[in-house]
file run-v4.pdb (PDB, N, CA and C atoms, pLDDT in the B column)
ATOM      1  N   MET G   9     -49.773 108.011 -67.627  1.00 77.00           N
ATOM      2  CA  MET G   9     -50.278 107.248 -66.499  1.00 77.00           C
ATOM      3  C   MET G   9     -49.984 105.769 -66.717  1.00 77.00           C
ATOM      4  N   GLN G  10     -49.428 105.130 -65.698  1.00 84.00           N
ATOM      5  CA  GLN G  10     -49.108 103.712 -65.781  1.00 84.00           C
ATOM      6  C   GLN G  10     -50.360 102.869 -65.635  1.00 84.00           C
ATOM      7  N   THR G  11     -50.429 101.820 -66.428  1.00 92.00           N
ATOM      8  CA  THR G  11     -51.509 100.865 -66.289  1.00 92.00           C
ATOM      9  C   THR G  11     -51.198  99.957 -65.116  1.00 92.00           C
ATOM     10  N   LYS G  12     -52.186  99.683 -64.305  1.00 90.00           N
ATOM     11  CA  LYS G  12     -52.007  98.786 -63.170  1.00 90.00           C
ATOM     12  C   LYS G  12     -52.999  97.650 -63.286  1.00 90.00           C
ATOM     13  N   THR G  13     -52.593  96.489 -62.800  1.00 93.00           N
ATOM     14  CA  THR G  13     -53.437  95.303 -62.832  1.00 93.00           C
ATOM     15  C   THR G  13     -53.484  94.712 -61.437  1.00 93.00           C
ATOM     16  N   ARG G  14     -54.667  94.387 -60.998  1.00 92.00           N
ATOM     17  CA  ARG G  14     -54.827  93.755 -59.684  1.00 92.00           C
ATOM     18  C   ARG G  14     -54.457  92.284 -59.804  1.00 92.00           C
ATOM     19  N   VAL G  15     -53.654  91.812 -58.836  1.00 92.00           N
ATOM     20  CA  VAL G  15     -53.267  90.408 -58.781  1.00 92.00           C
ATOM     21  C   VAL G  15     -53.417  89.917 -57.347  1.00 92.00           C
ATOM     22  N   THR G  16     -53.461  88.633 -57.192  1.00 94.00           N
ATOM     23  CA  THR G  16     -53.486  88.027 -55.868  1.00 94.00           C
ATOM     24  C   THR G  16     -52.178  87.278 -55.692  1.00 94.00           C
ATOM     25  N   VAL G  17     -51.522  87.496 -54.559  1.00 92.00           N
ATOM     26  CA  VAL G  17     -50.261  86.805 -54.283  1.00 92.00           C
ATOM     27  C   VAL G  17     -50.345  86.172 -52.900  1.00 92.00           C
ATOM     28  N   THR G  18     -49.554  85.151 -52.714  1.00 95.00           N
ATOM     29  CA  THR G  18     -49.438  84.494 -51.419  1.00 95.00           C
ATOM     30  C   THR G  18     -48.024  84.728 -50.922  1.00 95.00           C
ATOM     31  N   VAL G  19     -47.910  85.243 -49.709  1.00 95.00           N
ATOM     32  CA  VAL G  19     -46.593  85.536 -49.132  1.00 95.00           C
ATOM     33  C   VAL G  19     -46.518  84.944 -47.732  1.00 95.00           C
ATOM     34  N   PRO G  20     -45.305  84.699 -47.264  1.00 97.00           N
ATOM     35  CA  PRO G  20     -45.154  84.219 -45.887  1.00 97.00           C
ATOM     36  C   PRO G  20     -45.702  85.260 -44.901  1.00 97.00           C
ATOM     37  N   ASP G  21     -46.228  84.781 -43.777  1.00 98.00           N
ATOM     38  CA  ASP G  21     -46.786  85.681 -42.763  1.00 98.00           C
ATOM     39  C   ASP G  21     -45.802  86.756 -42.334  1.00 98.00           C
ATOM     40  N   ALA G  22     -44.526  86.400 -42.194  1.00 97.00           N
ATOM     41  CA  ALA G  22     -43.521  87.367 -41.748  1.00 97.00           C
ATOM     42  C   ALA G  22     -43.371  88.515 -42.743  1.00 97.00           C
ATOM     43  N   VAL G  23     -43.475  88.205 -44.019  1.00 96.00           N
ATOM     44  CA  VAL G  23     -43.373  89.252 -45.045  1.00 96.00           C
ATOM     45  C   VAL G  23     -44.578  90.178 -44.955  1.00 96.00           C
ATOM     46  N   LEU G  24     -45.753  89.610 -44.804  1.00 97.00           N
ATOM     47  CA  LEU G  24     -46.960  90.423 -44.677  1.00 97.00           C
ATOM     48  C   LEU G  24     -46.899  91.301 -43.426  1.00 97.00           C
ATOM     49  N   GLN G  25     -46.416  90.741 -42.334  1.00 98.00           N
ATOM     50  CA  GLN G  25     -46.297  91.523 -41.103  1.00 98.00           C
ATOM     51  C   GLN G  25     -45.329  92.689 -41.282  1.00 98.00           C
ATOM     52  N   ALA G  26     -44.206  92.446 -41.957  1.00 97.00           N
ATOM     53  CA  ALA G  26     -43.237  93.522 -42.211  1.00 97.00           C
ATOM     54  C   ALA G  26     -43.861  94.607 -43.082  1.00 97.00           C
ATOM     55  N   ALA G  27     -44.596  94.200 -44.096  1.00 97.00           N
ATOM     56  CA  ALA G  27     -45.240  95.172 -44.980  1.00 97.00           C
ATOM     57  C   ALA G  27     -46.270  95.995 -44.213  1.00 97.00           C
ATOM     58  N   ARG G  28     -47.065  95.336 -43.411  1.00 97.00           N
ATOM     59  CA  ARG G  28     -48.081  96.061 -42.632  1.00 97.00           C
ATOM     60  C   ARG G  28     -47.445  97.031 -41.637  1.00 97.00           C
ATOM     61  N   ARG G  29     -46.341  96.614 -41.023  1.00 98.00           N
ATOM     62  CA  ARG G  29     -45.635  97.527 -40.107  1.00 98.00           C
ATOM     63  C   ARG G  29     -45.160  98.773 -40.849  1.00 98.00           C
ATOM     64  N   ASP G  30     -44.626  98.574 -42.050  1.00 97.00           N
ATOM     65  CA  ASP G  30     -44.154  99.719 -42.834  1.00 97.00           C
ATOM     66  C   ASP G  30     -45.302 100.641 -43.228  1.00 97.00           C
ATOM     67  N   VAL G  31     -46.455 100.079 -43.538  1.00 97.00           N
ATOM     68  CA  VAL G  31     -47.620 100.904 -43.875  1.00 97.00           C
ATOM     69  C   VAL G  31     -48.096 101.649 -42.631  1.00 97.00           C
ATOM     70  N   GLU G  32     -48.206 100.934 -41.517  1.00 98.00           N
ATOM     71  CA  GLU G  32     -48.685 101.560 -40.277  1.00 98.00           C
ATOM     72  C   GLU G  32     -47.753 102.671 -39.789  1.00 98.00           C
ATOM     73  N   SER G  33     -46.444 102.509 -40.027  1.00 98.00           N
ATOM     74  CA  SER G  33     -45.485 103.518 -39.569  1.00 98.00           C
ATOM     75  C   SER G  33     -45.269 104.629 -40.590  1.00 98.00           C
ATOM     76  N   GLY G  34     -45.900 104.503 -41.749  1.00 97.00           N
ATOM     77  CA  GLY G  34     -45.775 105.543 -42.764  1.00 97.00           C
ATOM     78  C   GLY G  34     -44.603 105.372 -43.711  1.00 97.00           C
ATOM     79  N   VAL G  35     -43.857 104.286 -43.585  1.00 96.00           N
ATOM     80  CA  VAL G  35     -42.734 104.033 -44.492  1.00 96.00           C
ATOM     81  C   VAL G  35     -43.246 103.788 -45.914  1.00 96.00           C
ATOM     82  N   ALA G  36     -44.379 103.115 -46.016  1.00 97.00           N
ATOM     83  CA  ALA G  36     -45.007 102.848 -47.315  1.00 97.00           C
ATOM     84  C   ALA G  36     -46.447 103.345 -47.254  1.00 97.00           C
ATOM     85  N   PRO G  37     -46.950 103.902 -48.355  1.00 97.00           N
ATOM     86  CA  PRO G  37     -48.313 104.424 -48.335  1.00 97.00           C
ATOM     87  C   PRO G  37     -49.411 103.351 -48.342  1.00 97.00           C
ATOM     88  N   SER G  38     -49.068 102.153 -48.837  1.00 96.00           N
ATOM     89  CA  SER G  38     -50.058 101.071 -48.910  1.00 96.00           C
ATOM     90  C   SER G  38     -49.346  99.740 -49.095  1.00 96.00           C
ATOM     91  N   LEU G  39     -50.081  98.653 -48.886  1.00 96.00           N
ATOM     92  CA  LEU G  39     -49.508  97.329 -49.135  1.00 96.00           C
ATOM     93  C   LEU G  39     -49.145  97.178 -50.605  1.00 96.00           C
ATOM     94  N   SER G  40     -49.991  97.683 -51.479  1.00 95.00           N
ATOM     95  CA  SER G  40     -49.695  97.598 -52.911  1.00 95.00           C
ATOM     96  C   SER G  40     -48.396  98.325 -53.249  1.00 95.00           C
ATOM     97  N   ALA G  41     -48.208  99.512 -52.680  1.00 95.00           N
ATOM     98  CA  ALA G  41     -46.984 100.273 -52.935  1.00 95.00           C
ATOM     99  C   ALA G  41     -45.770  99.527 -52.391  1.00 95.00           C
ATOM    100  N   TRP G  42     -45.904  98.920 -51.217  1.00 97.00           N
ATOM    101  CA  TRP G  42     -44.809  98.174 -50.612  1.00 97.00           C
ATOM    102  C   TRP G  42     -44.393  97.008 -51.508  1.00 97.00           C
ATOM    103  N   VAL G  43     -45.383  96.247 -51.983  1.00 95.00           N
ATOM    104  CA  VAL G  43     -45.102  95.095 -52.848  1.00 95.00           C
ATOM    105  C   VAL G  43     -44.494  95.568 -54.171  1.00 95.00           C
ATOM    106  N   THR G  44     -45.025  96.649 -54.733  1.00 94.00           N
ATOM    107  CA  THR G  44     -44.491  97.183 -55.984  1.00 94.00           C
ATOM    108  C   THR G  44     -43.032  97.592 -55.810  1.00 94.00           C
ATOM    109  N   ASP G  45     -42.722  98.298 -54.717  1.00 94.00           N
ATOM    110  CA  ASP G  45     -41.341  98.702 -54.455  1.00 94.00           C
ATOM    111  C   ASP G  45     -40.420  97.486 -54.359  1.00 94.00           C
ATOM    112  N   ALA G  46     -40.872  96.440 -53.664  1.00 94.00           N
ATOM    113  CA  ALA G  46     -40.063  95.228 -53.511  1.00 94.00           C
ATOM    114  C   ALA G  46     -39.836  94.552 -54.865  1.00 94.00           C
ATOM    115  N   ALA G  47     -40.862  94.474 -55.681  1.00 93.00           N
ATOM    116  CA  ALA G  47     -40.740  93.842 -56.994  1.00 93.00           C
ATOM    117  C   ALA G  47     -39.827  94.653 -57.913  1.00 93.00           C
ATOM    118  N   GLU G  48     -39.959  95.976 -57.861  1.00 91.00           N
ATOM    119  CA  GLU G  48     -39.092  96.826 -58.685  1.00 91.00           C
ATOM    120  C   GLU G  48     -37.637  96.703 -58.251  1.00 91.00           C
ATOM    121  N   ALA G  49     -37.397  96.618 -56.944  1.00 90.00           N
ATOM    122  CA  ALA G  49     -36.025  96.460 -56.446  1.00 90.00           C
ATOM    123  C   ALA G  49     -35.427  95.139 -56.934  1.00 90.00           C
ATOM    124  N   LYS G  50     -36.223  94.081 -56.913  1.00 89.00           N
ATOM    125  CA  LYS G  50     -35.744  92.784 -57.402  1.00 89.00           C
ATOM    126  C   LYS G  50     -35.430  92.860 -58.888  1.00 89.00           C
ATOM    127  N   ALA G  51     -36.275  93.507 -59.655  1.00 88.00           N
ATOM    128  CA  ALA G  51     -36.037  93.641 -61.096  1.00 88.00           C
ATOM    129  C   ALA G  51     -34.744  94.412 -61.362  1.00 88.00           C
ATOM    130  N   ARG G  52     -34.492  95.477 -60.575  1.00 84.00           N
ATOM    131  CA  ARG G  52     -33.241  96.237 -60.738  1.00 84.00           C
ATOM    132  C   ARG G  52     -32.028  95.380 -60.408  1.00 84.00           C
ATOM    133  N   ARG G  53     -32.108  94.614 -59.314  1.00 83.00           N
ATOM    134  CA  ARG G  53     -30.982  93.741 -58.931  1.00 83.00           C
ATOM    135  C   ARG G  53     -30.698  92.713 -60.015  1.00 83.00           C
ATOM    136  N   GLU G  54     -31.750  92.113 -60.547  1.00 83.00           N
ATOM    137  CA  GLU G  54     -31.553  91.103 -61.587  1.00 83.00           C
ATOM    138  C   GLU G  54     -30.977  91.724 -62.847  1.00 83.00           C
ATOM    139  N   SER G  55     -31.399  92.938 -63.161  1.00 82.00           N
ATOM    140  CA  SER G  55     -30.849  93.637 -64.315  1.00 82.00           C
ATOM    141  C   SER G  55     -29.366  93.909 -64.109  1.00 82.00           C
ATOM    142  N   LEU G  56     -28.996  94.354 -62.895  1.00 81.00           N
ATOM    143  CA  LEU G  56     -27.587  94.599 -62.596  1.00 81.00           C
ATOM    144  C   LEU G  56     -26.791  93.297 -62.637  1.00 81.00           C
ATOM    145  N   ASP G  57     -27.375  92.227 -62.125  1.00 79.00           N
ATOM    146  CA  ASP G  57     -26.692  90.929 -62.184  1.00 79.00           C
ATOM    147  C   ASP G  57     -26.423  90.531 -63.626  1.00 79.00           C
ATOM    148  N   HIS G  58     -27.385  90.781 -64.496  1.00 82.00           N
ATOM    149  CA  HIS G  58     -27.234  90.456 -65.915  1.00 82.00           C
ATOM    150  C   HIS G  58     -26.099  91.276 -66.526  1.00 82.00           C
ATOM    151  N   VAL G  59     -26.064  92.569 -66.215  1.00 81.00           N
ATOM    152  CA  VAL G  59     -25.001  93.432 -66.725  1.00 81.00           C
ATOM    153  C   VAL G  59     -23.643  92.939 -66.232  1.00 81.00           C
ATOM    154  N   LEU G  60     -23.559  92.594 -64.952  1.00 78.00           N
ATOM    155  CA  LEU G  60     -22.297  92.088 -64.416  1.00 78.00           C
ATOM    156  C   LEU G  60     -21.883  90.783 -65.093  1.00 78.00           C
ATOM    157  N   ASP G  61     -22.840  89.916 -65.378  1.00 79.00           N
ATOM    158  CA  ASP G  61     -22.528  88.673 -66.087  1.00 79.00           C
ATOM    159  C   ASP G  61     -21.974  88.967 -67.477  1.00 79.00           C
ATOM    160  N   GLU G  62     -22.573  89.947 -68.174  1.00 81.00           N
ATOM    161  CA  GLU G  62     -22.094  90.315 -69.503  1.00 81.00           C
ATOM    162  C   GLU G  62     -20.688  90.910 -69.441  1.00 81.00           C
ATOM    163  N   LEU G  63     -20.447  91.749 -68.430  1.00 78.00           N
ATOM    164  CA  LEU G  63     -19.114  92.325 -68.269  1.00 78.00           C
ATOM    165  C   LEU G  63     -18.081  91.242 -67.987  1.00 78.00           C
ATOM    166  N   LEU G  64     -18.457  90.289 -67.153  1.00 75.00           N
ATOM    167  CA  LEU G  64     -17.560  89.182 -66.842  1.00 75.00           C
ATOM    168  C   LEU G  64     -17.229  88.398 -68.107  1.00 75.00           C
ATOM    169  N   GLU G  65     -18.243  88.107 -68.893  1.00 78.00           N
ATOM    170  CA  GLU G  65     -18.027  87.366 -70.129  1.00 78.00           C
ATOM    171  C   GLU G  65     -17.138  88.163 -71.087  1.00 78.00           C
ATOM    172  N   ALA G  66     -17.373  89.462 -71.200  1.00 83.00           N
ATOM    173  CA  ALA G  66     -16.594  90.307 -72.106  1.00 83.00           C
ATOM    174  C   ALA G  66     -15.147  90.445 -71.642  1.00 83.00           C
ATOM    175  N   SER G  67     -14.920  90.413 -70.323  1.00 79.00           N
ATOM    176  CA  SER G  67     -13.565  90.583 -69.805  1.00 79.00           C
ATOM    177  C   SER G  67     -12.737  89.313 -69.943  1.00 79.00           C
ATOM    178  N   GLY G  68     -13.424  88.208 -70.168  1.00 77.00           N
ATOM    179  CA  GLY G  68     -12.712  86.963 -70.405  1.00 77.00           C
ATOM    180  C   GLY G  68     -12.236  86.234 -69.176  1.00 77.00           C
ATOM    181  N   GLY G  69     -12.782  86.574 -68.035  1.00 74.00           N
ATOM    182  CA  GLY G  69     -12.339  85.836 -66.871  1.00 74.00           C
ATOM    183  C   GLY G  69     -13.084  86.215 -65.623  1.00 74.00           C
ATOM    184  N   PRO G  70     -12.801  85.501 -64.547  1.00 77.00           N
ATOM    185  CA  PRO G  70     -13.486  85.790 -63.288  1.00 77.00           C
ATOM    186  C   PRO G  70     -13.056  87.150 -62.739  1.00 77.00           C
ATOM    187  N   LEU G  71     -13.910  87.705 -61.905  1.00 75.00           N
ATOM    188  CA  LEU G  71     -13.613  88.986 -61.295  1.00 75.00           C
ATOM    189  C   LEU G  71     -12.479  88.858 -60.290  1.00 75.00           C
ATOM    190  N   THR G  72     -11.679  89.915 -60.213  1.00 83.00           N
ATOM    191  CA  THR G  72     -10.664  89.965 -59.175  1.00 83.00           C
ATOM    192  C   THR G  72     -11.358  90.281 -57.853  1.00 83.00           C
ATOM    193  N   GLU G  73     -10.642  90.143 -56.752  1.00 88.00           N
ATOM    194  CA  GLU G  73     -11.216  90.473 -55.448  1.00 88.00           C
ATOM    195  C   GLU G  73     -11.633  91.943 -55.412  1.00 88.00           C
ATOM    196  N   GLU G  74     -10.829  92.833 -55.993  1.00 90.00           N
ATOM    197  CA  GLU G  74     -11.171  94.264 -56.043  1.00 90.00           C
ATOM    198  C   GLU G  74     -12.450  94.500 -56.829  1.00 90.00           C
ATOM    199  N   GLU G  75     -12.581  93.842 -57.975  1.00 82.00           N
ATOM    200  CA  GLU G  75     -13.780  93.997 -58.795  1.00 82.00           C
ATOM    201  C   GLU G  75     -15.011  93.470 -58.067  1.00 82.00           C
ATOM    202  N   THR G  76     -14.844  92.368 -57.362  1.00 86.00           N
ATOM    203  CA  THR G  76     -15.955  91.796 -56.607  1.00 86.00           C
ATOM    204  C   THR G  76     -16.395  92.752 -55.504  1.00 86.00           C
ATOM    205  N   GLU G  77     -15.441  93.317 -54.779  1.00 91.00           N
ATOM    206  CA  GLU G  77     -15.774  94.278 -53.713  1.00 91.00           C
ATOM    207  C   GLU G  77     -16.476  95.504 -54.284  1.00 91.00           C
ATOM    208  N   TRP G  78     -16.005  96.014 -55.418  1.00 91.00           N
ATOM    209  CA  TRP G  78     -16.630  97.177 -56.054  1.00 91.00           C
ATOM    210  C   TRP G  78     -18.073  96.849 -56.439  1.00 91.00           C
ATOM    211  N   ALA G  79     -18.281  95.687 -57.047  1.00 88.00           N
ATOM    212  CA  ALA G  79     -19.629  95.297 -57.479  1.00 88.00           C
ATOM    213  C   ALA G  79     -20.564  95.170 -56.279  1.00 88.00           C
ATOM    214  N   ARG G  80     -20.094  94.581 -55.206  1.00 90.00           N
ATOM    215  CA  ARG G  80     -20.922  94.449 -53.995  1.00 90.00           C
ATOM    216  C   ARG G  80     -21.308  95.824 -53.456  1.00 90.00           C
ATOM    217  N   ALA G  81     -20.340  96.738 -53.436  1.00 92.00           N
ATOM    218  CA  ALA G  81     -20.618  98.098 -52.953  1.00 92.00           C
ATOM    219  C   ALA G  81     -21.669  98.781 -53.828  1.00 92.00           C
ATOM    220  N   GLN G  82     -21.580  98.580 -55.132  1.00 89.00           N
ATOM    221  CA  GLN G  82     -22.547  99.197 -56.048  1.00 89.00           C
ATOM    222  C   GLN G  82     -23.950  98.635 -55.817  1.00 89.00           C
ATOM    223  N   LEU G  83     -24.051  97.346 -55.628  1.00 88.00           N
ATOM    224  CA  LEU G  83     -25.357  96.714 -55.418  1.00 88.00           C
ATOM    225  C   LEU G  83     -25.948  97.123 -54.085  1.00 88.00           C
ATOM    226  N   GLN G  84     -25.130  97.281 -53.065  1.00 87.00           N
ATOM    227  CA  GLN G  84     -25.633  97.671 -51.743  1.00 87.00           C
ATOM    228  C   GLN G  84     -26.065  99.122 -51.725  1.00 87.00           C
ATOM    229  N   ALA G  85     -25.499  99.948 -52.590  1.00 78.00           N
ATOM    230  CA  ALA G  85     -25.820 101.373 -52.622  1.00 78.00           C
ATOM    231  C   ALA G  85     -27.187 101.620 -53.245  1.00 78.00           C
ATOM    232  N   ARG G  86     -27.770 100.636 -53.840  1.00 67.00           N
ATOM    233  CA  ARG G  86     -29.056 100.824 -54.545  1.00 67.00           C
ATOM    234  C   ARG G  86     -30.195 100.417 -53.680  1.00 67.00           C
TER     235      ARG G  86
END

call {"tool": "encode", "arguments": {"input": "run-v4.pdb", "output": "structure tokens"}}
result
Amino acid sequence: MQTKTRVTVTVPDAVLQAARRDVESGVAPSLSAWVTDAAEAKARRESLDHVLDELLEASGGPLTEEETEWARAQLQAR
């Protein structure tokens, strides 16, 4: 079982409205679940960005246009 901690956050009204719409329509089970999903998605993106930075450094140069397109497709698929 995961440990959970209650926190208070301040978000723009538009973000709160979007979250509430998703809860009301059944897309998300609760505001907490919606926020958790958003935070986890950001953590995954940042992790992927870090991996891409390491690959770039290891390859010794900037990405080609093909590599950039592939990376964008991979990030959008998640």

call {"tool": "atom_distance", "arguments": {"input": "run-v4.pdb", "atom1": "atom C of G:Thr11", "atom2": "atom C of G:Ala46"}}
result
16.2 Å

call {"tool": "atom_distance", "arguments": {"input": "run-v4.pdb", "atom1": "atom CA of G:Met9", "atom2": "atom CA of G:Pro37"}}
result
18.5 Å

call {"tool": "atom_distance", "arguments": {"input": "run-v4.pdb", "atom1": "atom CA of G:Gln25", "atom2": "atom CA of G:Thr44"}}
result
16.0 Å

call {"tool": "select_by_dssp", "arguments": {"input": "run-v4.pdb", "residues": "chain G", "states": "helix (DSSP H, G or I)", "output": "ChimeraX atom specification"}}
result
/G:21-32,39-67,73-84

call {"tool": "axis_aligned_box", "arguments": {"input": "run-v4.pdb", "around": "stretch 49-52 of chain G", "padding_each_side": "6 Å", "output": "lines of an AutoDock Vina configuration file"}}
result
center_x = -34.7
center_y = 94.7
center_z = -58.9
size_x = 17.4
size_y = 15.8
size_z = 16.9

call {"tool": "residues_around", "arguments": {"input": "run-v4.pdb", "residues": "stretch 82-85 of chain G", "least_positions_apart": "3", "cutoff": "8 Å", "atoms": "all atoms listed in the file", "output": "list of chain:residue names"}}
result
G:Arg53, G:Leu56, G:Thr76, G:Glu77, G:Trp78, G:Ala79

call {"tool": "closest_residue", "arguments": {"input": "run-v4.pdb", "among": "G:Ala26, G:Asp57, G:Arg14, G:Leu64", "to": "G:Ser40", "atoms": "only C-alpha atoms"}}
result
G:Arg14

call {"tool": "residues_around", "arguments": {"input": "run-v4.pdb", "residues": "G:Leu39", "least_positions_apart": "5", "cutoff": "7 Å", "atoms": "all atoms listed in the file", "output": "VMD selection string"}}
result
chain G and resid 27 to 28 31 44

call {"tool": "write_last_selection", "arguments": {"input": "run-v4.pdb", "atoms": "N, CA and C atoms", "output": "compact mmCIF listing (two decimals), in the frame of the given file"}}
result
# COMPACT_ATOMS: atom_id res chain seq x y z
N ALA G 27 -44.60 94.20 -44.10
CA ALA G 27 -45.24 95.17 -44.98
C ALA G 27 -46.27 96.00 -44.21
N ARG G 28 -47.06 95.34 -43.41
CA ARG G 28 -48.08 96.06 -42.63
C ARG G 28 -47.44 97.03 -41.64
N VAL G 31 -46.46 100.08 -43.54
CA VAL G 31 -47.62 100.90 -43.88
C VAL G 31 -48.10 101.65 -42.63
N THR G 44 -45.02 96.65 -54.73
CA THR G 44 -44.49 97.18 -55.98
C THR G 44 -43.03 97.59 -55.81

call {"tool": "decode", "arguments": {"input": "run-v4.pdb", "residues": "stretch 42-78 of chain G", "atoms": "C-alpha atoms", "output": "compact mmCIF listing (two decimals), in the first residue's frame"}}
result
# COMPACT_ATOMS: atom_id res chain seq x y z
CA TRP G 42 -6.59 13.97 -11.23
CA VAL G 43 -3.76 15.95 -9.61
CA THR G 44 -1.79 12.76 -8.91
CA ASP G 45 -2.12 11.66 -12.55
CA ALA G 46 -0.93 15.09 -13.74
CA ALA G 47 2.06 15.08 -11.38
CA GLU G 48 3.02 11.53 -12.36
CA ALA G 49 2.82 12.44 -16.06
CA LYS G 50 5.12 15.42 -15.47
CA ALA G 51 7.60 13.23 -13.58
CA ARG G 52 7.62 10.72 -16.48
CA ARG G 53 8.20 13.50 -19.04
CA GLU G 54 11.06 14.94 -17.03
CA SER G 55 12.59 11.49 -16.65
CA LEU G 56 12.37 10.97 -20.41
CA ASP G 57 13.88 14.41 -21.00
CA HIS G 58 16.77 13.44 -18.74
CA VAL G 59 17.32 10.19 -20.64
CA LEU G 60 17.26 12.06 -23.95
CA ASP G 61 19.80 14.57 -22.61
CA GLU G 62 22.09 11.70 -21.57
CA LEU G 63 21.73 10.05 -24.98
CA LEU G 64 22.53 13.34 -26.68
CA GLU G 65 25.62 13.77 -24.54
CA ALA G 66 26.73 10.17 -25.20
CA SER G 67 26.21 10.53 -28.96
CA GLY G 68 28.48 13.53 -29.04
CA GLY G 69 26.28 15.90 -30.90
CA PRO G 70 22.91 17.44 -31.55
CA LEU G 71 20.03 15.30 -32.70
CA THR G 72 19.35 14.94 -36.39
CA GLU G 73 15.93 15.97 -37.69
CA GLU G 74 14.96 12.26 -37.85
CA GLU G 75 16.04 11.69 -34.25
CA THR G 76 14.13 14.76 -33.12
CA GLU G 77 10.95 13.59 -34.89
CA TRP G 78 11.30 10.10 -33.36
